[in-house]
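Chemist: My questions will all concern the structure given below.
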Amino acid sequence: MPPPEPFLSQRHRYQPLALPQHFADEALVRNCTLVEGDHQDSARYRKGCRVSIALHICAVRVYGRFINHVHDASPHLIHDLGQPLAVPPSLTVEVPERDATVLEHRQHVLKPLGFQRFEPMAQAQLQPWIAPQARRGTLPEARWQQAEQHW
C-alpha cells in the first residue's frame, strides 16, 4: 500500500498567503471582524504590533494559515482593524524583528482558536474515522468540514 499523500504538497503548504487589496464591505465584515476576546488578547501587545496580530487572527480563521507579508495588507484593512484596537492611524503594519517574538505571537494566535499540531497520534485517531466517510462517498470538502467539527 502506498504511503498516504499529505493534504497539501510542500509547495502549496509554504506558498505565501496574501490578502486581497480590495475587500467588499461584506467580505471585510465577514472575514476581518474581531470579537471581544480578540481585542483582549491583542491589548497585551504593544500598540505597534496589535494590527499585525489582528491580521494573523483573521487570516488563520479564514484561511487556516498565517500571512507571510503583512506589509502588503491594504491600507483600508489596516485602518479598519486598527480603530477598535486603539492604534493610531497608519498605512503600514509594524512587525516584530525577532524571530522568537514572531513565533510567540503565532502561538498566542493559535491557542484560543483551538489549533494544534497534526502529529502521528492525531493522524492515527483521524484515520479510522475518515476511511468510512470516504467509502460512503462523502466528498473531500465535506469530509474536511466534518473532520474540523469532529476534532
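So you can find residues: chains in the C-alpha cells are A, B, ... in the order shown, residues in each start at 1, and ligands are numbered from 1 in order.
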Which residues are near region 82-97 of chain A? Cut-off 12 Å, only C-alpha atoms, ignore same chain within fewer than 5 positions. Put them as a count of residues only.

Modeler: 41

Chemist: Work out how far CA of Tyr63 (chain A) is from CA of Glu141 (chain A), in Å to one decimal.

Modeler: 14.1 Å

Chemist: With distances taken over only C-alpha atoms, which of A:Val62, A:Gly114, A:Met121, A:Ala134 is nearest to Ala27 (chain A)?

Modeler: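 For Ala27 (chain A), the nearest of the candidates is A:Val62.
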
Chemist: So how far away is CA of Phe115 (chain A) from CA of Val60 (chain A), in Å?

Modeler: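 Computed distance, CA of Val60 (chain A) to CA of Phe115 (chain A), equals 9.5 Å.
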
Chemist: Select, from A:Ala147, A:Ile78, A:Asp99, A:His22, the residue with the minimum atom-to-atom distance to Gln125 (chain A), counting only C-alpha atoms.

Modeler: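 Of A:Ala147, A:Ile78, A:Asp99, A:His22, the one nearest Gln125 (chain A), counting only C-alpha atoms, is A:Ala147.
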
Chemist: Find the spatial neighbours of Gln133 (chain A), counting only C-alpha atoms, within a cut-off of 10 Å - ignore same-chain residues fewer than 6 positions away - and output them as number ranges by chain.

Modeler: A: 139-140, 142-143, 146-147

Chemist: Rounded to one decimal place, report the CA of Leu126 (chain A)-CA of Ile57 (chain A) distance in Å.

Modeler: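 Between these atoms lies a distance of 25.8 Å.
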
Chemist: Determine the nearest neighbour of Leu110 (chain A) from the options A:His79, A:Arg98, A:Arg61, A:Arg135, counting only C-alpha atoms.

Modeler: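 Selected residue with least distance to Leu110 (chain A): A:Arg61.
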
Chemist: Select from region 34-127 of chain A everything DSSP, run on the backbone, classes as alpha helix (DSSP H), then give the selection as a ChimeraX atom specification.

Modeler: /A:36-43,47-63,75-82,99-113,120-127
